[in-house]
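Quick look at work-v2.cif (mmCIF, C-alpha atoms and all ligand atoms):
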data_upload
#
loop_
_atom_site.group_PDB
_atom_site.id
_atom_site.type_symbol
_atom_site.label_atom_id
_atom_site.label_comp_id
_atom_site.auth_asym_id
_atom_site.auth_seq_id
_atom_site.Cartn_x
_atom_site.Cartn_y
_atom_site.Cartn_z
ATOM 1 C CA MET C 13 119.135 112.950 119.483
ATOM 2 C CA ILE C 14 121.229 115.546 117.779
ATOM 3 C CA GLU C 15 123.796 116.858 120.280
ATOM 4 C CA LEU C 16 125.185 120.380 119.966
ATOM 5 C CA MET C 17 128.110 121.503 122.095
ATOM 6 C CA ARG C 18 129.288 125.118 122.205
ATOM 7 C CA THR C 19 132.958 125.344 121.391
ATOM 8 C CA SER C 20 133.110 129.177 121.512
ATOM 9 C CA LYS C 21 130.632 132.057 121.564
ATOM 10 C CA ASP C 22 129.676 131.581 117.941
ATOM 11 C CA SER C 23 130.489 128.010 117.013
ATOM 12 C CA MET C 24 129.305 124.540 117.948
ATOM 13 C CA ALA C 25 130.320 120.947 117.504
ATOM 14 C CA GLN C 26 127.569 118.543 116.501
ATOM 15 C CA SER C 27 127.234 114.854 117.275
ATOM 16 C CA TYR C 28 124.587 112.298 118.239
ATOM 17 C CA ALA C 29 123.713 110.853 121.635
ATOM 18 C CA GLY C 30 120.898 109.382 123.692
ATOM 19 C CA ASP C 31 121.002 106.870 126.519
ATOM 20 C CA VAL C 32 119.875 103.788 124.576
ATOM 21 C CA TYR C 33 122.061 104.727 121.612
ATOM 22 C CA ASN C 34 125.096 105.205 123.886
ATOM 23 C CA THR C 35 124.474 101.777 125.413
ATOM 24 C CA ALA C 36 124.196 100.222 121.933
ATOM 25 C CA VAL C 37 127.426 101.859 120.737
ATOM 26 C CA TYR C 38 129.550 100.606 123.627
ATOM 27 C CA LEU C 39 127.987 97.131 123.546
ATOM 28 C CA LYS C 40 128.706 96.772 119.821
ATOM 29 C CA ARG C 41 132.235 98.212 120.011
ATOM 30 C CA ALA C 42 133.187 95.695 122.685
ATOM 31 C CA PHE C 43 131.255 92.678 121.360
ATOM 32 C CA ALA C 44 131.396 92.863 117.572
ATOM 33 C CA ASP C 45 129.713 89.457 117.185
ATOM 34 C CA VAL C 46 126.476 90.616 118.822
ATOM 35 C CA ASN C 47 123.854 92.001 116.426
ATOM 36 C CA VAL C 48 122.725 95.336 117.822
ATOM 37 C CA GLY C 49 119.811 97.312 116.406
ATOM 38 C CA ILE C 50 117.977 100.481 117.416
ATOM 39 C CA MET C 51 114.248 101.084 117.236
ATOM 40 C CA SER C 52 113.337 104.764 116.979
ATOM 41 C CA ALA C 53 111.916 107.367 114.620
ATOM 42 C CA VAL C 54 113.732 110.270 112.984
ATOM 43 C CA GLY C 55 112.751 112.810 110.332
ATOM 44 C CA GLU C 56 113.637 113.239 106.698
ATOM 45 C CA ASP C 57 115.933 116.203 107.423
ATOM 46 C CA ALA C 58 119.641 116.067 106.652
ATOM 47 C CA LEU C 59 120.675 115.590 110.291
ATOM 48 C CA SER C 60 118.229 112.706 110.716
ATOM 49 C CA LEU C 61 119.646 111.019 107.629
ATOM 50 C CA ASP C 62 123.182 111.580 108.917
ATOM 51 C CA MET C 63 122.110 110.052 112.210
ATOM 52 C CA ILE C 64 121.088 106.842 110.426
ATOM 53 C CA GLU C 65 124.443 106.875 108.661
ATOM 54 C CA ARG C 66 126.144 107.219 112.030
ATOM 55 C CA PHE C 67 124.288 104.162 113.344
ATOM 56 C CA GLY C 68 125.709 102.322 110.338
ATOM 57 C CA SER C 69 129.233 103.521 110.995
ATOM 58 C CA GLU C 70 128.922 102.100 114.537
ATOM 59 C CA SER C 71 127.667 98.837 112.938
ATOM 60 C CA ILE C 72 124.264 99.288 114.561
ATOM 61 C CA ASN C 73 121.309 97.992 112.544
ATOM 62 C CA SER C 74 118.806 100.756 111.699
ATOM 63 C CA GLU C 75 116.153 98.617 110.000
ATOM 64 C CA LEU C 76 113.695 99.683 112.729
ATOM 65 C CA VAL C 77 114.578 103.385 112.615
ATOM 66 C CA PHE C 78 111.462 104.809 110.971
ATOM 67 C CA LYS C 79 111.240 108.083 109.041
ATOM 68 C CA SER C 80 108.486 110.529 109.910
ATOM 69 C CA ASP C 81 107.385 112.840 107.091
ATOM 70 C CA SER C 82 106.078 115.448 109.536
ATOM 71 C CA ARG C 83 108.575 115.549 112.426
ATOM 72 C CA ASN C 84 112.316 115.914 112.835
ATOM 73 C CA ALA C 85 114.917 114.441 115.166
ATOM 74 C CA GLY C 86 115.088 115.850 118.710
ATOM 75 C CA MET C 87 118.025 118.058 119.619
ATOM 76 C CA TYR C 88 119.825 119.375 122.693
ATOM 77 C CA LEU C 89 122.550 121.857 123.433
ATOM 78 C CA ILE C 90 125.217 121.423 126.137
ATOM 79 C CA GLN C 91 126.823 124.560 127.534
ATOM 80 C CA THR C 92 129.680 124.435 130.025
ATOM 81 C CA ASP C 93 130.376 127.460 132.235
ATOM 82 C CA ASP C 94 133.775 128.582 133.559
ATOM 83 C CA GLU C 95 133.487 126.230 136.562
ATOM 84 C CA GLY C 96 132.808 123.239 134.291
ATOM 85 C CA GLU C 97 129.121 123.139 135.306
ATOM 86 C CA ARG C 98 126.994 121.908 132.408
ATOM 87 C CA THR C 99 123.515 123.047 131.416
ATOM 88 C CA PHE C 100 121.292 121.357 128.862
ATOM 89 C CA THR C 101 118.665 122.960 126.603
ATOM 90 C CA TYR C 102 116.283 120.630 124.767
ATOM 91 C CA TRP C 103 114.179 120.836 121.622
ATOM 92 C CA ARG C 104 112.336 117.556 121.693
ATOM 93 C CA GLU C 105 108.653 118.264 122.430
ATOM 94 C CA ASN C 106 107.802 117.441 118.815
ATOM 95 C CA SER C 107 110.565 114.995 118.038
ATOM 96 C CA ALA C 108 109.896 112.123 115.674
ATOM 97 C CA ALA C 109 111.061 109.643 118.336
ATOM 98 C CA ARG C 110 107.967 110.415 120.421
ATOM 99 C CA THR C 111 105.841 108.770 117.726
ATOM 100 C CA VAL C 112 107.864 105.567 117.377
ATOM 101 C CA MET C 113 105.030 103.295 118.569
ATOM 102 C CA ALA C 114 102.917 104.379 115.571
ATOM 103 C CA TYR C 115 105.269 102.314 113.392
ATOM 104 C CA VAL C 116 105.132 99.155 115.479
ATOM 105 C CA ASP C 117 102.857 96.641 113.746
ATOM 106 C CA LYS C 118 102.719 92.844 113.803
ATOM 107 C CA TYR C 119 105.707 92.610 111.453
ATOM 108 C CA VAL C 120 107.884 94.787 113.686
ATOM 109 C CA THR C 121 106.706 92.810 116.728
ATOM 110 C CA ALA C 122 107.590 89.538 114.974
ATOM 111 C CA GLU C 123 111.018 90.908 114.033
ATOM 112 C CA LEU C 124 111.721 92.059 117.603
ATOM 113 C CA SER C 125 110.513 88.705 118.941
ATOM 114 C CA GLN C 126 113.538 87.060 117.325
ATOM 115 C CA SER C 127 115.904 89.050 119.576
ATOM 116 C CA ASP C 128 117.638 87.715 122.661
ATOM 117 C CA VAL C 129 117.256 91.015 124.487
ATOM 118 C CA PHE C 130 115.064 94.143 124.428
ATOM 119 C CA PHE C 131 116.658 97.099 126.247
ATOM 120 C CA PHE C 132 114.738 100.256 127.146
ATOM 121 C CA SER C 133 115.011 103.032 129.699
ATOM 122 C CA GLY C 134 113.034 105.506 131.746
ATOM 123 C CA ILE C 135 113.916 108.044 129.079
ATOM 124 C CA SER C 136 112.336 105.817 126.408
ATOM 125 C CA LEU C 137 109.197 105.707 128.601
ATOM 126 C CA ALA C 138 109.146 109.464 129.153
ATOM 127 C CA VAL C 139 109.666 110.258 125.459
ATOM 128 C CA ILE C 140 106.890 108.043 124.070
ATOM 129 C CA GLU C 141 103.546 109.866 123.759
ATOM 130 C CA PRO C 142 101.452 109.022 126.865
ATOM 131 C CA GLN C 143 98.616 107.661 124.706
ATOM 132 C CA ASP C 144 101.061 105.160 123.138
ATOM 133 C CA ARG C 145 102.303 103.691 126.417
ATOM 134 C CA ASP C 146 99.766 100.869 126.454
ATOM 135 C CA ALA C 147 101.015 99.821 123.027
ATOM 136 C CA LEU C 148 104.571 99.740 124.387
ATOM 137 C CA TRP C 149 103.551 97.583 127.378
ATOM 138 C CA SER C 150 101.700 95.254 125.072
ATOM 139 C CA LEU C 151 104.776 94.996 122.826
ATOM 140 C CA ILE C 152 107.065 94.273 125.788
ATOM 141 C CA SER C 153 104.654 91.660 127.196
ATOM 142 C CA THR C 154 104.558 89.924 123.806
ATOM 143 C CA LEU C 155 108.347 89.950 123.550
ATOM 144 C CA LYS C 156 108.670 88.535 127.049
ATOM 145 C CA ALA C 157 106.167 85.789 126.252
ATOM 146 C CA ASN C 158 108.294 84.959 123.209
ATOM 147 C CA GLY C 159 111.364 84.470 125.393
ATOM 148 C CA VAL C 160 113.065 87.826 124.808
ATOM 149 C CA GLN C 161 114.980 88.994 127.890
ATOM 150 C CA ILE C 162 113.666 92.417 128.996
ATOM 151 C CA ILE C 163 116.258 94.856 130.363
ATOM 152 C CA PHE C 164 115.514 98.273 131.879
ATOM 153 C CA ASP C 165 117.536 101.221 133.184
ATOM 154 C CA PRO C 166 115.238 103.670 135.030
ATOM 155 C CA ASN C 167 117.380 106.713 134.149
ATOM 156 C CA TYR C 168 114.912 109.000 135.944
ATOM 157 C CA ARG C 169 114.818 112.558 134.595
ATOM 158 C CA ALA C 170 112.333 114.561 136.674
ATOM 159 C CA ARG C 171 111.691 117.247 134.104
ATOM 160 C CA MET C 172 110.610 114.750 131.441
ATOM 161 C CA TRP C 173 107.606 113.679 133.527
ATOM 162 C CA SER C 174 104.549 115.775 134.340
ATOM 163 C CA THR C 175 104.488 114.380 137.904
ATOM 164 C CA PRO C 176 106.656 111.956 139.910
ATOM 165 C CA ALA C 177 103.536 109.782 140.351
ATOM 166 C CA GLU C 178 103.303 109.331 136.586
ATOM 167 C CA ALA C 179 106.916 108.138 136.456
ATOM 168 C CA LYS C 180 106.367 105.781 139.417
ATOM 169 C CA LEU C 181 103.378 104.187 137.705
ATOM 170 C CA GLN C 182 105.318 103.550 134.494
ATOM 171 C CA PHE C 183 108.461 102.392 136.320
ATOM 172 C CA GLU C 184 106.454 99.831 138.296
ATOM 173 C CA LYS C 185 105.198 98.317 135.053
ATOM 174 C CA ALA C 186 108.794 98.221 133.814
ATOM 175 C CA PHE C 187 110.100 96.599 137.022
ATOM 176 C CA ARG C 188 107.345 93.978 136.838
ATOM 177 C CA LEU C 189 108.170 92.977 133.249
ATOM 178 C CA SER C 190 111.968 93.211 133.397
ATOM 179 C CA ASP C 191 114.358 90.318 133.806
ATOM 180 C CA MET C 192 117.302 92.630 134.429
ATOM 181 C CA VAL C 193 117.227 96.166 135.885
ATOM 182 C CA LEU C 194 120.290 98.438 136.077
ATOM 183 C CA PRO C 195 119.417 101.474 138.220
ATOM 184 C CA GLY C 196 121.750 104.126 139.532
ATOM 185 C CA ILE C 197 121.219 104.955 143.222
ATOM 186 C CA ASP C 198 120.545 108.515 142.032
ATOM 187 C CA ASP C 199 117.412 107.366 140.170
ATOM 188 C CA PHE C 200 115.937 105.952 143.358
ATOM 189 C CA ALA C 201 117.101 108.849 145.519
ATOM 190 C CA GLN C 202 115.371 111.383 143.315
ATOM 191 C CA LEU C 203 112.124 109.532 142.653
ATOM 192 C CA TYR C 204 111.584 107.469 145.801
ATOM 193 C CA GLY C 205 113.887 109.078 148.367
ATOM 194 C CA ILE C 206 115.746 105.733 148.669
ATOM 195 C CA ASP C 207 119.511 106.232 148.648
ATOM 196 C CA THR C 208 121.051 102.960 149.821
ATOM 197 C CA PHE C 209 121.741 99.621 148.150
ATOM 198 C CA ASP C 210 119.708 97.826 150.818
ATOM 199 C CA GLY C 211 116.773 100.213 150.426
ATOM 200 C CA ILE C 212 116.645 99.581 146.673
ATOM 201 C CA ILE C 213 116.952 95.821 147.128
ATOM 202 C CA GLU C 214 114.023 95.867 149.542
ATOM 203 C CA PHE C 215 111.949 98.073 147.236
ATOM 204 C CA CYS C 216 112.581 95.758 144.263
ATOM 205 C CA GLN C 217 111.852 92.486 146.075
ATOM 206 C CA PRO C 218 108.158 92.240 145.069
ATOM 207 C CA PHE C 219 109.024 92.602 141.370
ATOM 208 C CA GLU C 220 111.053 89.386 141.301
ATOM 209 C CA ILE C 221 113.752 90.804 139.028
ATOM 210 C CA SER C 222 116.159 87.994 138.054
ATOM 211 C CA GLU C 223 119.232 90.222 137.940
ATOM 212 C CA LEU C 224 119.300 93.581 139.724
ATOM 213 C CA VAL C 225 122.473 95.586 139.071
ATOM 214 C CA ILE C 226 122.707 98.711 141.238
ATOM 215 C CA LYS C 227 125.296 101.334 140.294
ATOM 216 C CA ASN C 228 126.556 103.996 142.657
ATOM 217 C CA GLY C 229 129.314 105.949 140.904
ATOM 218 C CA PRO C 230 132.700 105.254 142.499
ATOM 219 C CA GLU C 231 130.993 103.749 145.573
ATOM 220 C CA GLY C 232 130.635 100.338 143.949
ATOM 221 C CA VAL C 233 128.128 98.043 142.292
ATOM 222 C CA ARG C 234 125.766 95.563 143.972
ATOM 223 C CA VAL C 235 124.343 92.667 141.954
ATOM 224 C CA ILE C 236 121.433 90.642 143.281
ATOM 225 C CA THR C 237 120.143 87.424 141.735
ATOM 226 C CA ALA C 238 117.924 84.672 143.148
ATOM 227 C CA ASN C 239 120.882 82.970 144.821
ATOM 228 C CA GLN C 240 123.556 85.645 145.102
ATOM 229 C CA SER C 241 124.051 89.158 146.444
ATOM 230 C CA GLU C 242 127.498 90.520 145.800
ATOM 231 C CA HIS C 243 129.153 93.893 146.255
ATOM 232 C CA PHE C 244 131.904 94.961 143.866
ATOM 233 C CA ALA C 245 134.298 97.777 144.721
ATOM 234 C CA ILE C 246 135.132 100.278 141.967
ATOM 235 C CA GLN C 247 138.519 101.853 141.497
ATOM 236 C CA ALA C 248 137.715 105.593 141.613
ATOM 237 C CA VAL C 249 138.926 107.760 138.736
ATOM 238 C CA ASP C 250 140.837 110.849 139.942
ATOM 239 C CA ASN C 251 140.561 112.981 136.840
ATOM 240 C CA VAL C 252 136.867 112.812 135.949
ATOM 241 C CA VAL C 253 136.280 115.018 132.900
ATOM 242 C CA ASP C 254 132.587 114.397 132.144
ATOM 243 C CA THR C 255 130.307 111.732 133.649
ATOM 244 C CA THR C 256 127.875 111.794 130.704
ATOM 245 C CA SER C 257 127.210 108.223 129.588
ATOM 246 C CA ALA C 258 128.958 106.572 132.583
ATOM 247 C CA GLY C 259 125.867 104.516 133.312
ATOM 248 C CA ASP C 260 125.149 103.905 129.613
ATOM 249 C CA SER C 261 128.623 102.584 128.827
ATOM 250 C CA PHE C 262 128.456 100.434 131.977
ATOM 251 C CA ASN C 263 125.111 99.018 130.757
ATOM 252 C CA GLY C 264 126.438 98.322 127.254
ATOM 253 C CA LEU C 265 129.411 96.351 128.524
ATOM 254 C CA TYR C 266 127.469 94.589 131.285
ATOM 255 C CA VAL C 267 124.643 93.450 128.999
ATOM 256 C CA GLY C 268 127.083 92.453 126.229
ATOM 257 C CA ALA C 269 129.231 90.470 128.639
ATOM 258 C CA ARG C 270 126.252 88.613 130.108
ATOM 259 C CA LEU C 271 124.911 87.896 126.598
ATOM 260 C CA GLN C 272 128.267 86.377 125.729
ATOM 261 C CA GLY C 273 128.078 84.094 128.743
ATOM 262 C CA LEU C 274 130.552 85.891 131.018
ATOM 263 C CA ASP C 275 129.811 85.688 134.737
ATOM 264 C CA ILE C 276 128.592 88.596 136.865
ATOM 265 C CA SER C 277 132.009 89.421 138.282
ATOM 266 C CA GLN C 278 133.624 89.527 134.820
ATOM 267 C CA ALA C 279 130.725 91.626 133.527
ATOM 268 C CA VAL C 280 131.066 94.169 136.357
ATOM 269 C CA HIS C 281 134.820 94.315 135.833
ATOM 270 C CA LEU C 282 134.534 95.084 132.101
ATOM 271 C CA ALA C 283 131.606 97.461 132.580
ATOM 272 C CA SER C 284 133.323 99.526 135.258
ATOM 273 C CA LYS C 285 136.585 99.722 133.296
ATOM 274 C CA ALA C 286 134.711 100.933 130.212
ATOM 275 C CA ALA C 287 132.785 103.519 132.245
ATOM 276 C CA ALA C 288 136.070 104.690 133.804
ATOM 277 C CA VAL C 289 137.433 105.374 130.305
ATOM 278 C CA VAL C 290 134.266 107.150 129.193
ATOM 279 C CA ILE C 291 134.260 109.582 132.148
ATOM 280 C CA GLN C 292 137.794 110.661 131.304
ATOM 281 C CA HIS C 293 136.546 111.991 127.954
ATOM 282 C CA ARG C 294 134.223 114.816 127.065
ATOM 283 C CA GLY C 295 130.811 113.878 125.630
ATOM 284 C CA ALA C 296 128.745 110.694 125.598
ATOM 285 C CA ILE C 297 130.602 108.852 122.852
ATOM 286 C CA VAL C 298 134.374 108.527 123.059
ATOM 287 C CA PRO C 299 135.964 108.561 119.565
ATOM 288 C CA SER C 300 136.293 104.990 118.393
ATOM 289 C CA ALA C 301 140.116 104.962 118.155
ATOM 290 C CA ASP C 302 140.499 106.413 121.674
ATOM 291 C CA PHE C 303 138.043 103.909 123.138
ATOM 292 C CA SER C 304 139.804 101.097 121.367
ATOM 293 C CA ALA C 305 143.231 102.140 122.684
ATOM 294 C CA ALA C 306 142.095 102.840 126.248
ATOM 295 C CA PHE C 307 139.596 100.003 126.695
ATOM 296 C CA ILE C 308 139.268 97.365 123.948
ATOM 297 C CA GLN C 309 142.994 96.731 123.604
ATOM 298 C CA GLN C 310 143.527 96.732 127.371
ATOM 299 C CA TYR C 311 140.630 94.651 128.625
ATOM 300 C CA MET C 312 138.916 92.667 125.835
HETATM 301 P P1 LIG X 1 124.332 106.355 136.398
HETATM 302 O O1 LIG X 1 124.962 107.219 135.331
HETATM 303 O O2 LIG X 1 123.461 105.269 135.828
HETATM 304 O O3 LIG X 1 123.733 107.106 137.541
HETATM 305 P P2 LIG X 1 126.730 105.968 137.987
HETATM 306 O O4 LIG X 1 126.905 107.409 138.172
HETATM 307 O O5 LIG X 1 126.585 105.127 139.180
HETATM 308 O O6 LIG X 1 125.543 105.543 137.007
HETATM 309 O O7 LIG X 1 128.002 105.495 137.143
HETATM 310 C C1 LIG X 1 127.962 104.326 136.365
HETATM 311 C C2 LIG X 1 129.265 103.607 136.482
HETATM 312 O O8 LIG X 1 130.335 104.472 136.059
HETATM 313 C C3 LIG X 1 129.636 103.205 137.894
HETATM 314 O O9 LIG X 1 129.040 101.974 138.227
HETATM 315 C C4 LIG X 1 131.140 103.129 137.826
HETATM 316 O O10 LIG X 1 131.527 101.893 137.256
HETATM 317 C C5 LIG X 1 131.489 104.233 136.832
HETATM 318 N N1 LIG X 1 131.847 105.479 137.548
HETATM 319 C C6 LIG X 1 131.076 106.563 137.761
HETATM 320 N N2 LIG X 1 131.758 107.513 138.435
HETATM 321 C C7 LIG X 1 132.996 107.019 138.656
HETATM 322 C C8 LIG X 1 134.206 107.501 139.288
HETATM 323 N N3 LIG X 1 134.270 108.722 139.856
HETATM 324 N N4 LIG X 1 135.300 106.696 139.302
HETATM 325 C C9 LIG X 1 135.273 105.477 138.724
HETATM 326 N N5 LIG X 1 134.180 104.970 138.112
HETATM 327 C C10 LIG X 1 133.056 105.714 138.077
#
Encoded form (structure tokens):
Amino acid sequence: MIELMRTSKDSMAQSYAGDVYNTAVYLKRAFADVNVGIMSAVGEDALSLDMIERFGSESINSELVFKSDSRNAGMYLIQTDDEGERTFTYWRENSAARTVMAYVDKYVTAELSQSDVFFFSGISLAVIEPQDRDALWSLISTLKANGVQIIFDPNYRARMWSTPAEAKLQFEKAFRLSDMVLPGIDDFAQLYGIDTFDGIIEFCQPFEISELVIKNGPEGVRVITANQSEHFAIQAVDNVVDTTSAGDSFNGLYVGARLQGLDISQAVHLASKAAAVVIQHRGAIVPSADFSAAFIQQYM
């Protein structure tokens, strides 16, 4: 999405963000050898075209970013009040991204089937037009059958769903098909009223998720696999500036590290260090040079 941030009463800074995009950016910055692509739809407007250029400047493949001739890219505005409290205003009801499944044919499915990993989120699910959801589930089932690892972050946003029951129904399908799930405790607290690691582990048991990675801000990370359940402490950051993209940057580093064959403990270490850098900067995407100095050069 196009991100606008008010810098004074009558001016704004403009950038791009979105949970899957943020994840892709941090994964690619840390693991340059991994091919990372985005599937979405944008418009033919100047900002949409710039967005595709931005994907390129982050070395993210945009072959599957389709151009709608009738819709534009979604947009949101972040305003911060005197106490630092942020409010978000969205213009995305008619965004091109909502129609992305209309572009998915057998060629796109075959292309995606060559991937090692397909990553999607609860925001992806909420954005896609409800009548296209079956097509998404059919795509994901095909990918899974072709050996693609399915990875899901619930990223529950109550106001994107017409009812909590609708979200629960879609999330259950996602949990059932996913090999790896990376929820924040907040997602479960808001949607299911479950606010402990153990509660989430119990809830997820029937879905037989191979790798469940539960994030809880500075309170630590719990990773559960078939033969291991391990808790990792997180070194809390004192000067948190903006937690936007904490979970996304964590996901990008965690997934990248696991793809590159690093073990769970190394993956959590890198992911939490990257997230710690990201929350000490304003906005979802830390400028590349700053991220490189504070994270890549220190930990990679
Ligand atoms: P989500 O955004 O998915 O809800 P969290 O809020 O749990 O995820 O944050 C994701 C990750 O960011 C955490 O697992 C942790 O590594 C890091 N993080 C978040 N808040 C802090 C903090 N105050 N201090 C240090 N690390 C943090």
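One finds atom CA of Arg66 of chain C at 22.1 Å from atom CA of Asn106 of chain C.
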Centre, x/y/z edge lengths, axis-aligned box for ligand LIG 1 (chain X) with 5 Å per side, as AutoDock Vina command-line options:
--center_x 129.4 --center_y 105.3 --center_z 137.6 --size_x 21.8 --size_y 16.8 --size_z 14.5
(request) For ligand LIG 1 (chain X), list the contacting residues at 10 Å or closer, counting all atoms listed in the file, as number ranges by chain. (result) C: 31, 165-168, 194-200, 225-234, 244-263, 280-292
(request) Select, counting only C-alpha atoms, all protein, DNA and RNA residues no farther than 12 Å from (133.6, 125.1, 122.6) in file coordinates, and express the selection as a list in words. (result) Leu16, Met17, Arg18, Thr19, Ser20, Lys21, Asp22, Ser23, Met24, Ala25, Gln26, Leu89, Ile90, Gln91, Thr92, Asp93, Asp94, Gly96, Arg294 and Gly295 of chain C
Got time to write the residues from that selection, C-alpha atoms, as a compact mmCIF listing (two decimals), in the frame of the given file?
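Written out: out33.txt:
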# COMPACT_ATOMS: atom_id res chain seq x y z
CA LEU C 16 125.18 120.38 119.97
CA MET C 17 128.11 121.50 122.10
CA ARG C 18 129.29 125.12 122.20
CA THR C 19 132.96 125.34 121.39
CA SER C 20 133.11 129.18 121.51
CA LYS C 21 130.63 132.06 121.56
CA ASP C 22 129.68 131.58 117.94
CA SER C 23 130.49 128.01 117.01
CA MET C 24 129.30 124.54 117.95
CA ALA C 25 130.32 120.95 117.50
CA GLN C 26 127.57 118.54 116.50
CA LEU C 89 122.55 121.86 123.43
CA ILE C 90 125.22 121.42 126.14
CA GLN C 91 126.82 124.56 127.53
CA THR C 92 129.68 124.44 130.02
CA ASP C 93 130.38 127.46 132.24
CA ASP C 94 133.78 128.58 133.56
CA GLY C 96 132.81 123.24 134.29
CA ARG C 294 134.22 114.82 127.06
CA GLY C 295 130.81 113.88 125.63
(request) Tell me which of C:Ile152, C:Leu59, C:Ile276, C:Ile163 sits closest to Ile236 of chain C, counting all atoms listed in the file. (result) C:Ile276
(request) Go through C:Gln161, C:Gln278, C:Gln240, C:Ser52 and flag the residue nearest Val112 of chain C, using all atoms listed in the file for the distances. (result) C:Ser52
(request) Using the chain letters and numbering of this document, enumerate as a PyMOL selection string the residues selected by the PyMOL selection byres (((chain C and resi 39) around 9) and not hetatm). (result) chain C and resi 34-38+40-44+46+48+261+263-269
(request) Rank nothing, just name the residue among C:Asp146, C:Glu184, C:Glu70, C:Glu65 nearest to Ser300 of chain C, using all atoms listed in the file. (result) C:Glu70
(message) Counting all atoms listed in the file, which residue out of C:Leu274, C:Met113, C:Val32, C:Ile72 sits closest to Ile135 of chain C?
(response) C:Val32
(message) Running the PyMOL selection byres (((chain C and resi 182) around 12) and not hetatm) on this model by hand, what would come out? Give it as an NGL selection string.
(response) :C and (133-138 or 140 or 142 or 145-146 or 148-149 or 164 or 166 or 168 or 173 or 175-181 or 183-189)
(message) I'd like to know which of C:Gly86, C:Gly55, C:Gly273, C:Pro299 is closest to Glu15 of chain C, using all atoms listed in the file.
(response) C:Gly86
(request) Considering all atoms listed in the file, return as a list of chain:residue names whatever protein or nucleic-acid residues lie within 12 Å of Val116 of chain C, sequence-local ones (same chain, fewer than 3 positions apart) excluded. (result) C:Met51, C:Ser52, C:Ala53, C:Leu76, C:Val77, C:Phe78, C:Thr111, C:Val112, C:Met113, C:Tyr119, C:Val120, C:Thr121, C:Ala122, C:Glu123, C:Leu124, C:Asp144, C:Ala147, C:Leu148, C:Ser150, C:Leu151, C:Ile152
Restricting it to C-alpha atoms, dump the selection as a PDB file, keeping the file's coordinate frame.
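Contents of selection_39.pdb, as written:
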ATOM      1  CA  MET C  51     114.248 101.084 117.236  1.00  0.00           C
ATOM      2  CA  SER C  52     113.337 104.764 116.979  1.00  0.00           C
ATOM      3  CA  ALA C  53     111.916 107.367 114.620  1.00  0.00           C
ATOM      4  CA  LEU C  76     113.695  99.683 112.729  1.00  0.00           C
ATOM      5  CA  VAL C  77     114.578 103.385 112.615  1.00  0.00           C
ATOM      6  CA  PHE C  78     111.462 104.809 110.971  1.00  0.00           C
ATOM      7  CA  THR C 111     105.841 108.770 117.726  1.00  0.00           C
ATOM      8  CA  VAL C 112     107.864 105.567 117.377  1.00  0.00           C
ATOM      9  CA  MET C 113     105.030 103.295 118.569  1.00  0.00           C
ATOM     10  CA  TYR C 119     105.707  92.610 111.453  1.00  0.00           C
ATOM     11  CA  VAL C 120     107.884  94.787 113.686  1.00  0.00           C
ATOM     12  CA  THR C 121     106.706  92.810 116.728  1.00  0.00           C
ATOM     13  CA  ALA C 122     107.590  89.538 114.974  1.00  0.00           C
ATOM     14  CA  GLU C 123     111.018  90.908 114.033  1.00  0.00           C
ATOM     15  CA  LEU C 124     111.721  92.059 117.603  1.00  0.00           C
ATOM     16  CA  ASP C 144     101.061 105.160 123.138  1.00  0.00           C
ATOM     17  CA  ALA C 147     101.015  99.821 123.027  1.00  0.00           C
ATOM     18  CA  LEU C 148     104.571  99.740 124.387  1.00  0.00           C
ATOM     19  CA  SER C 150     101.700  95.254 125.072  1.00  0.00           C
ATOM     20  CA  LEU C 151     104.776  94.996 122.826  1.00  0.00           C
ATOM     21  CA  ILE C 152     107.065  94.273 125.788  1.00  0.00           C
TER      22      ILE C 152
END
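Taken over the whole file, the PyMOL selection byres (((chain C and resi 13) around 6) and not hetatm) covers exactly C:Ile14, C:Tyr28, C:Ala29, C:Gly30, C:Gly86, C:Met87.
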(message) I'd like to know which of C:Phe303, C:Tyr88, C:Arg169, C:Gln309 is closest to Thr101 of chain C, using all atoms listed in the file.
(response) C:Tyr88
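Relative to atom CA of Ala109 of chain C, atom CA of Lys79 of chain C is found at 9.4 Å.
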(request) Find the distance between atom CA of Ala201 of chain C and atom CA of Leu224 of chain C and write it in Å to one decimal. (result) 16.5 Å
May I ask you to restore N, CA, C and O atoms in segment 254-258 of chain C and write the result as a tab-separated table (two decimals), keeping the file's coordinate frame?
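This is the output file rebuild_9.tsv:
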chain	number	residue	atom	x	y	z
C	254	ASP	N	134.00	114.23	132.51
C	254	ASP	CA	132.59	114.40	132.14
C	254	ASP	C	131.89	113.04	132.39
C	254	ASP	O	132.24	112.06	131.75
C	255	THR	N	130.93	113.03	133.30
C	255	THR	CA	130.31	111.73	133.65
C	255	THR	C	129.17	111.35	132.69
C	255	THR	O	128.55	110.29	132.89
C	256	THR	N	128.91	112.16	131.67
C	256	THR	CA	127.88	111.79	130.70
C	256	THR	C	128.15	110.39	130.18
C	256	THR	O	129.27	110.09	129.78
C	257	SER	N	127.10	109.56	130.19
C	257	SER	CA	127.21	108.22	129.59
C	257	SER	C	127.97	107.21	130.45
C	257	SER	O	128.23	106.10	129.98
C	258	ALA	N	128.29	107.55	131.70
C	258	ALA	CA	128.96	106.57	132.58
C	258	ALA	C	128.05	105.35	132.73
C	258	ALA	O	128.47	104.22	132.51
